[in-house]
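First up is the structure itself, then whatever we jot down about it.
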Amino acid sequence: MRTGPVIACAGLLAGTLVPLTGTAAQAATTTYEAETSPAVCTGAVESNWAGFTGTGFCNGTNAANAHVQFTVNAPAAGTAALTVRFANGTTTARPAALLVNGATVSSSSYEATGAWATWATKTFTVPVNAGANTVRLNPTGADGLPNIDRLDAEVTATTPPPSGTALYVAPNGTDGAAGTVSAPTTLTSAISRVTAGGTIYLRGGTYRHSTTVTVPAGKNGTASARTRLAAYPGEVPVLNFSAMTEDPANRGLALNADHWHVSGVVVERAGDNGIYVGGSNNVIERTVTRFNRDSGLQLGRIASSTPQSQWPSNNLVLSAESHDNADSDGEDADGFAAKLTVGSGNVFRYAVSHHNIDDGWDLYTKTDTGPIGVVTIEDSLAYDNGTLSDGTQNTAGDRNGYKLGGESIPVNHVVRRSIAFHNGKHGFTYNSNPGTMAVSNNLSVDNGQRNFAFDVGTSVFRTNTSCRSTGSTTDKIAGDADGSNQFWSGTNGSRCSSYTGTLGWSYATDGRLVVTLGGRQVIL
């Protein structure tokens, strides 16, 4: 059965797809078998189902709190990507909490894998201390855990930044504090005080805001030294705006300045966009935008009076994730949006958009504002958009993976080396954009209607591949498409028979697609 994409990514925030850069030291992966001491199995160590590694697996007692516990060693404080290998031969998911050093860091359901000899994985990114760390899988339902084979831990040690050279912010910081490690200030105070090219470090924890946190226009870095707003190494700061009501004015983090680098921040539950970028020449890296009430991360002009020459341009969204964003009417909340009023040169790279109520990406244009600048999307992934993680859908949503236009306005966007999987409507759609888009080396699999939907236009298609396991809706291609493409015609088999592009992928032994994206594997 299809268990959904498993993103096997290490050293990253919540599923982003490229290696961590900056303050990280070397990362090393260690395998901890569930049947081998010092692992603790509250149940029986067995070997009666095939496919396990080591000498067996843990068949836990079917009861809540019947846990499996590992001891994970880290050379220094930092983060660890923990990959749990499990099998669940029942027909129902088994919920469990993940505890690190006694603190719950994640709750997840371990879905049915179809058979006890069919193994799957789940990956979590968690903070770890130097030395020994206890990692416990604690079932929260009466059925207990699935069978647990092993835990793979890729630990990335980090070096804390030097004190005295930056402003430090913490959830318990105060406006009047010095902004040092020992006397942290607030985020709004730090933004007002930071100098061009300086750094604001956000300590881990939850920051609760009821109004938008704004980096105002004019508070710029420089081309040679961007101003940084960064997670403290090895920690995860969460900007929580749940006190907001749903309203277009209630954005979370508004980046209206130029030449900033925002990295490692989670922004959630804003009344509108989680992160809104109105400035230019910024880098937004390894951010997570989730549960916001409009598009998770959106680029657009600062105000209706902003001239077109000042629309946001040359921004790079890198290794970002956006999921479970949903508005009340179900038709505006995308994962990523660069629409209506954006300039040229904006790029999304190694980005992941999933389980948003509307589209994964939205590049919509309107006649009253005119064409937007060319947007490039590369090495990215859109899956299960149109359906939230809890199964919620809204018939008003468009539910596409990559929506590339609007209102018959031609814009020559670039989409390459990207994947659309199991989105509610189309995988890649021109959405009435009749321009000459460059669409190359993309893979589109099992989307609700068409994998590729380009009804008109002069776009150029090279080495794209379309696969379906069910359904017969054929692709629509208008433009220049040569024999390097494999589009779905309803007659070319249930699986892709060949592929000649540069996007690396293969089939696993169980028939699922294994895609290499940004140096990491994605199993669909």
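Each chain of the structure tokens is named A, B, ... in the order shown, its residues numbered from 1; ligands are numbered from 1 in display order.
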
_Env of Thr92 of chain A: 7 Å cut, atoms = only C-alpha atoms, seq-sep filter 2 positions within chain, self excluded. Answer as a list in words._
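Everything that qualifies: Thr90, Arg94, Glu111 and Ala112 of chain A.
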
For the selection just defined, write its residues with N, CA and C atoms to a file, as an mmCIF file, in the first residue's frame.
```
data_model
loop_
_atom_site.group_PDB
_atom_site.id
_atom_site.type_symbol
_atom_site.label_atom_id
_atom_site.label_comp_id
_atom_site.auth_asym_id
_atom_site.auth_seq_id
_atom_site.Cartn_x
_atom_site.Cartn_y
_atom_site.Cartn_z
ATOM 1 N N THR A 90 -0.613 -4.469 10.761
ATOM 2 C CA THR A 90 -2.047 -4.322 10.997
ATOM 3 C C THR A 90 -2.637 -3.388 9.957
ATOM 4 N N ARG A 94 -0.348 3.236 14.387
ATOM 5 C CA ARG A 94 -0.062 3.164 15.815
ATOM 6 C C ARG A 94 0.650 4.443 16.247
ATOM 7 N N GLU A 111 2.200 4.315 10.351
ATOM 8 C CA GLU A 111 1.141 3.812 9.509
ATOM 9 C C GLU A 111 1.312 2.326 9.201
ATOM 10 N N ALA A 112 0.218 1.717 8.772
ATOM 11 C CA ALA A 112 0.270 0.327 8.341
ATOM 12 C C ALA A 112 1.183 0.207 7.134
#
```

*Exercise: segment 343-355 of chain A partners within 8 Å, only C-alpha atoms, chain neighbours under 5 positions left out, as JSON, numbers by chain*: {"A": [15, 16, 17, 18, 308, 309, 310, 311, 312, 313, 314, 315, 316, 317, 318, 319, 320, 321, 322, 323, 324, 325, 335, 336, 360, 361, 372, 373, 374, 375, 376, 377, 378, 379, 380, 381, 382, 383, 384, 385, 386, 387, 388, 389, 517, 518]}

With N, CA and C atoms kept, could you save the residues just selected as a short mmCIF file (atom, residue, chain, number, x, y, z; two decimals), in the first residue's frame?
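This is the output file again06.cif:
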```
data_model
loop_
_atom_site.label_atom_id
_atom_site.label_comp_id
_atom_site.auth_asym_id
_atom_site.auth_seq_id
_atom_site.Cartn_x
_atom_site.Cartn_y
_atom_site.Cartn_z
N GLY A 15 12.56 18.04 7.38
CA GLY A 15 12.38 17.52 6.04
C GLY A 15 12.97 18.33 4.93
N THR A 16 13.76 19.35 5.17
CA THR A 16 14.39 20.05 4.07
C THR A 16 15.48 19.19 3.47
N LEU A 17 15.92 19.52 2.25
CA LEU A 17 16.55 18.50 1.44
C LEU A 17 17.99 18.75 1.03
N VAL A 18 18.71 19.63 1.68
CA VAL A 18 20.13 19.77 1.36
C VAL A 18 20.95 19.75 2.63
N GLN A 308 6.27 49.36 -9.26
CA GLN A 308 6.71 48.09 -9.80
C GLN A 308 8.23 47.94 -9.75
N SER A 309 8.94 49.02 -9.85
CA SER A 309 10.41 48.97 -9.81
C SER A 309 10.92 48.51 -8.45
N GLN A 310 10.07 48.55 -7.42
CA GLN A 310 10.47 48.14 -6.09
C GLN A 310 9.79 46.84 -5.64
N TRP A 311 9.17 46.13 -6.56
CA TRP A 311 8.63 44.83 -6.21
C TRP A 311 9.78 43.90 -5.82
N PRO A 312 9.55 42.95 -4.92
CA PRO A 312 10.65 42.11 -4.43
C PRO A 312 11.30 41.30 -5.56
N SER A 313 12.64 41.38 -5.61
CA SER A 313 13.40 40.75 -6.69
C SER A 313 14.63 40.06 -6.11
N ASN A 314 15.11 39.09 -6.85
CA ASN A 314 16.40 38.43 -6.55
C ASN A 314 16.45 37.84 -5.14
N ASN A 315 15.33 37.32 -4.68
CA ASN A 315 15.31 36.60 -3.41
C ASN A 315 15.53 35.11 -3.66
N LEU A 316 16.22 34.45 -2.74
CA LEU A 316 16.47 33.01 -2.83
C LEU A 316 15.82 32.34 -1.64
N VAL A 317 14.87 31.43 -1.91
CA VAL A 317 14.26 30.60 -0.88
C VAL A 317 14.93 29.23 -0.98
N LEU A 318 15.69 28.87 0.04
CA LEU A 318 16.59 27.73 -0.04
C LEU A 318 16.29 26.72 1.07
N SER A 319 16.09 25.47 0.68
CA SER A 319 15.91 24.38 1.65
C SER A 319 14.81 24.67 2.66
N ALA A 320 13.73 25.26 2.19
CA ALA A 320 12.62 25.62 3.06
C ALA A 320 11.51 24.57 2.95
N GLU A 321 10.71 24.48 4.00
CA GLU A 321 9.55 23.58 4.01
C GLU A 321 8.32 24.38 4.38
N SER A 322 7.19 24.06 3.73
CA SER A 322 5.93 24.75 4.03
C SER A 322 4.80 23.74 3.97
N HIS A 323 4.04 23.61 5.07
CA HIS A 323 3.01 22.58 5.09
C HIS A 323 1.84 22.96 6.00
N ASP A 324 0.71 22.38 5.69
CA ASP A 324 -0.51 22.51 6.50
C ASP A 324 -0.94 23.95 6.70
N ASN A 325 -0.74 24.76 5.67
CA ASN A 325 -1.28 26.11 5.69
C ASN A 325 -2.69 26.07 5.11
N GLY A 335 1.62 26.52 -0.16
CA GLY A 335 2.88 26.37 0.54
C GLY A 335 3.79 27.56 0.30
N PHE A 336 4.07 27.83 -0.99
CA PHE A 336 4.90 28.96 -1.40
C PHE A 336 4.15 29.75 -2.46
N GLY A 360 0.77 23.77 -3.95
CA GLY A 360 2.14 23.74 -3.44
C GLY A 360 2.87 25.04 -3.74
N TRP A 361 2.86 25.44 -5.01
CA TRP A 361 3.40 26.73 -5.45
C TRP A 361 2.32 27.47 -6.22
N ILE A 372 4.15 39.35 -13.67
CA ILE A 372 5.18 39.35 -12.65
C ILE A 372 6.51 39.00 -13.30
N GLY A 373 7.58 39.08 -12.53
CA GLY A 373 8.88 38.70 -13.06
C GLY A 373 9.02 37.18 -13.16
N VAL A 374 10.00 36.75 -13.94
CA VAL A 374 10.26 35.33 -14.09
C VAL A 374 10.69 34.73 -12.76
N VAL A 375 10.06 33.61 -12.39
CA VAL A 375 10.38 32.87 -11.17
C VAL A 375 11.03 31.54 -11.58
N THR A 376 12.07 31.14 -10.87
CA THR A 376 12.71 29.85 -11.09
C THR A 376 12.43 28.93 -9.91
N ILE A 377 11.94 27.73 -10.21
CA ILE A 377 11.75 26.68 -9.20
C ILE A 377 12.62 25.50 -9.62
N GLU A 378 13.54 25.08 -8.75
CA GLU A 378 14.43 24.00 -9.14
C GLU A 378 14.72 23.07 -7.96
N ASP A 379 14.90 21.79 -8.28
CA ASP A 379 15.28 20.78 -7.29
C ASP A 379 14.33 20.78 -6.10
N SER A 380 13.04 20.85 -6.37
CA SER A 380 12.05 20.99 -5.30
C SER A 380 10.99 19.90 -5.39
N LEU A 381 10.15 19.84 -4.37
CA LEU A 381 9.18 18.76 -4.23
C LEU A 381 7.84 19.30 -3.76
N ALA A 382 6.76 18.91 -4.44
CA ALA A 382 5.40 19.24 -4.02
C ALA A 382 4.60 17.95 -3.95
N TYR A 383 4.04 17.64 -2.77
CA TYR A 383 3.25 16.42 -2.66
C TYR A 383 2.06 16.61 -1.72
N ASP A 384 0.99 15.90 -2.03
CA ASP A 384 -0.23 15.86 -1.21
C ASP A 384 -0.81 17.23 -0.93
N ASN A 385 -0.62 18.18 -1.84
CA ASN A 385 -1.28 19.48 -1.66
C ASN A 385 -2.75 19.35 -2.05
N GLY A 386 -3.59 20.08 -1.33
CA GLY A 386 -5.04 19.94 -1.44
C GLY A 386 -5.64 19.13 -0.32
N THR A 387 -4.78 18.47 0.46
CA THR A 387 -5.22 17.69 1.61
C THR A 387 -4.30 17.96 2.77
N LEU A 388 -4.83 18.39 3.89
CA LEU A 388 -4.00 18.63 5.07
C LEU A 388 -3.54 17.30 5.66
N SER A 389 -2.59 17.38 6.56
CA SER A 389 -2.05 16.16 7.18
C SER A 389 -3.12 15.37 7.93
N LEU A 517 17.14 13.95 -4.37
CA LEU A 517 16.85 15.37 -4.51
C LEU A 517 17.73 16.15 -3.57
N GLY A 518 18.60 16.98 -4.10
CA GLY A 518 19.48 17.77 -3.25
C GLY A 518 20.42 16.92 -2.44
#
```

*Give the answer as one residue: which of A:Val169, A:Ile191, A:Val342, A:Ile284 has the shortest atom-to-atom distance to Arg301 of chain A, using only C-alpha atoms?*
A:Val342

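Closest to Gly56 of chain A among A:Thr463, A:Ser328, A:Thr287, A:Asn147 is A:Asn147, based on only C-alpha atoms.
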
*Test item, alpha helix (DSSP H) assignment across segment 141-243 of chain A, answer as a ChimeraX atom specification*: /A:187-193

*Write out as a VMD selection string all residues of segment 191-366 of chain A that backbone DSSP assigns to strand (DSSP E).*
chain A and resid 199 to 202 205 to 208 213 to 215 227 to 231 237 to 240 253 to 255 260 to 263 266 to 268 275 to 277 283 to 285 288 to 290 297 to 299 316 to 318 321 to 323 336 to 338 346 to 349 352 to 354 361 to 362

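Nearest residue to Val155 of chain A, choosing from A:Pro75, A:Asn281, A:Trp116, A:Pro307 and counting only C-alpha atoms: A:Pro75.
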
_Residues within 7 Å of segment 233-242 of chain A, please, as a ChimeraX atom specification. Count only C-alpha atoms; anything in the same chain fewer than 5 positions from it doesn't count._
/A:23,77-79,127,158-160,202-210,252,264-270

With C-alpha atoms kept, could you save the residues just selected as a PDB file, in the first residue's frame?
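Contents of part.pdb, freshly written:
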```pdb
ATOM      1  CA  THR A  23      28.197  26.366  11.733  1.00  0.00           C
ATOM      2  CA  ALA A  77      25.799  19.477  21.310  1.00  0.00           C
ATOM      3  CA  GLY A  78      23.925  19.908  18.055  1.00  0.00           C
ATOM      4  CA  THR A  79      21.172  18.203  16.106  1.00  0.00           C
ATOM      5  CA  PRO A 127      18.388  18.572  19.459  1.00  0.00           C
ATOM      6  CA  THR A 158      27.694  22.503  16.107  1.00  0.00           C
ATOM      7  CA  THR A 159      29.949  25.171  17.453  1.00  0.00           C
ATOM      8  CA  PRO A 160      28.186  27.938  19.390  1.00  0.00           C
ATOM      9  CA  LEU A 202      17.408  33.243  18.186  1.00  0.00           C
ATOM     10  CA  ARG A 203      17.676  30.772  21.051  1.00  0.00           C
ATOM     11  CA  GLY A 204      15.464  27.704  20.899  1.00  0.00           C
ATOM     12  CA  GLY A 205      11.929  27.678  22.269  1.00  0.00           C
ATOM     13  CA  THR A 206       8.536  29.181  21.464  1.00  0.00           C
ATOM     14  CA  TYR A 207       8.137  32.930  20.960  1.00  0.00           C
ATOM     15  CA  ARG A 208       4.500  33.969  21.275  1.00  0.00           C
ATOM     16  CA  HIS A 209       3.494  37.097  19.357  1.00  0.00           C
ATOM     17  CA  SER A 210       0.079  38.633  18.799  1.00  0.00           C
ATOM     18  CA  GLY A 252       3.804  36.531  11.039  1.00  0.00           C
ATOM     19  CA  GLY A 264      16.531  28.011  10.772  1.00  0.00           C
ATOM     20  CA  VAL A 265      13.304  29.630  11.983  1.00  0.00           C
ATOM     21  CA  VAL A 266       9.875  27.994  12.303  1.00  0.00           C
ATOM     22  CA  VAL A 267       6.893  30.338  11.794  1.00  0.00           C
ATOM     23  CA  GLU A 268       3.442  29.017  12.617  1.00  0.00           C
ATOM     24  CA  ARG A 269      -0.252  29.866  13.036  1.00  0.00           C
ATOM     25  CA  ALA A 270      -0.191  33.451  11.751  1.00  0.00           C
TER      26      ALA A 270
END
```

*Rank nothing, just name the residue among A:Glu285, A:Glu35, A:Asp358, A:Asp398 nearest to Phe70 of chain A, using only C-alpha atoms.*
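Nearest candidate to Phe70 of chain A out of A:Glu285, A:Glu35, A:Asp358, A:Asp398: A:Glu35.
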
*So, counting only C-alpha atoms, which residue among A:Asn451, A:Thr186, A:Thr134, A:Thr365 is closest to Asn400 of chain A?*
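The closest residue to Asn400 of chain A is A:Asn451.
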
*asked:* List the spatial neighbours of Val100 of chain A as a PyMOL selection string - criterion: any atom at most 10 Å away, only C-alpha atoms, same-chain residues fewer than 3 positions off excluded.
replied: chain A and resi 69-72+97+103-106+126-129+133-137

With 6 Å as the cut-off and only C-alpha atoms counted, what is the closest atom pair between each nearby residue of segment 455-475 of chain A and segment 423-437 of chain A? Distances in Å to one decimal, ordered by chain and number, as CSV.
```
residue,atom,partner,partner_atom,distance
A:Val456,CA,A:Pro434,CA,5.8
A:Gly457,CA,A:Pro434,CA,3.9
A:Thr458,CA,A:Thr436,CA,4.8
A:Ser459,CA,A:Thr436,CA,4.0
```

Could the residues in this selection be saved with N, CA and C atoms as a tab-separated table (two decimals), in the first residue's frame?
```tsv
chain	number	residue	atom	x	y	z
A	456	VAL	N	-2.32	25.37	-23.65
A	456	VAL	CA	-1.89	26.28	-24.72
A	456	VAL	C	-0.52	26.84	-24.35
A	457	GLY	N	0.08	27.56	-25.29
A	457	GLY	CA	1.35	28.22	-25.01
A	457	GLY	C	2.48	27.67	-25.86
A	458	THR	N	3.65	28.22	-25.65
A	458	THR	CA	4.83	27.86	-26.44
A	458	THR	C	5.97	27.41	-25.53
A	459	SER	N	5.64	26.80	-24.42
A	459	SER	CA	6.66	26.35	-23.49
A	459	SER	C	7.53	25.25	-24.12
```
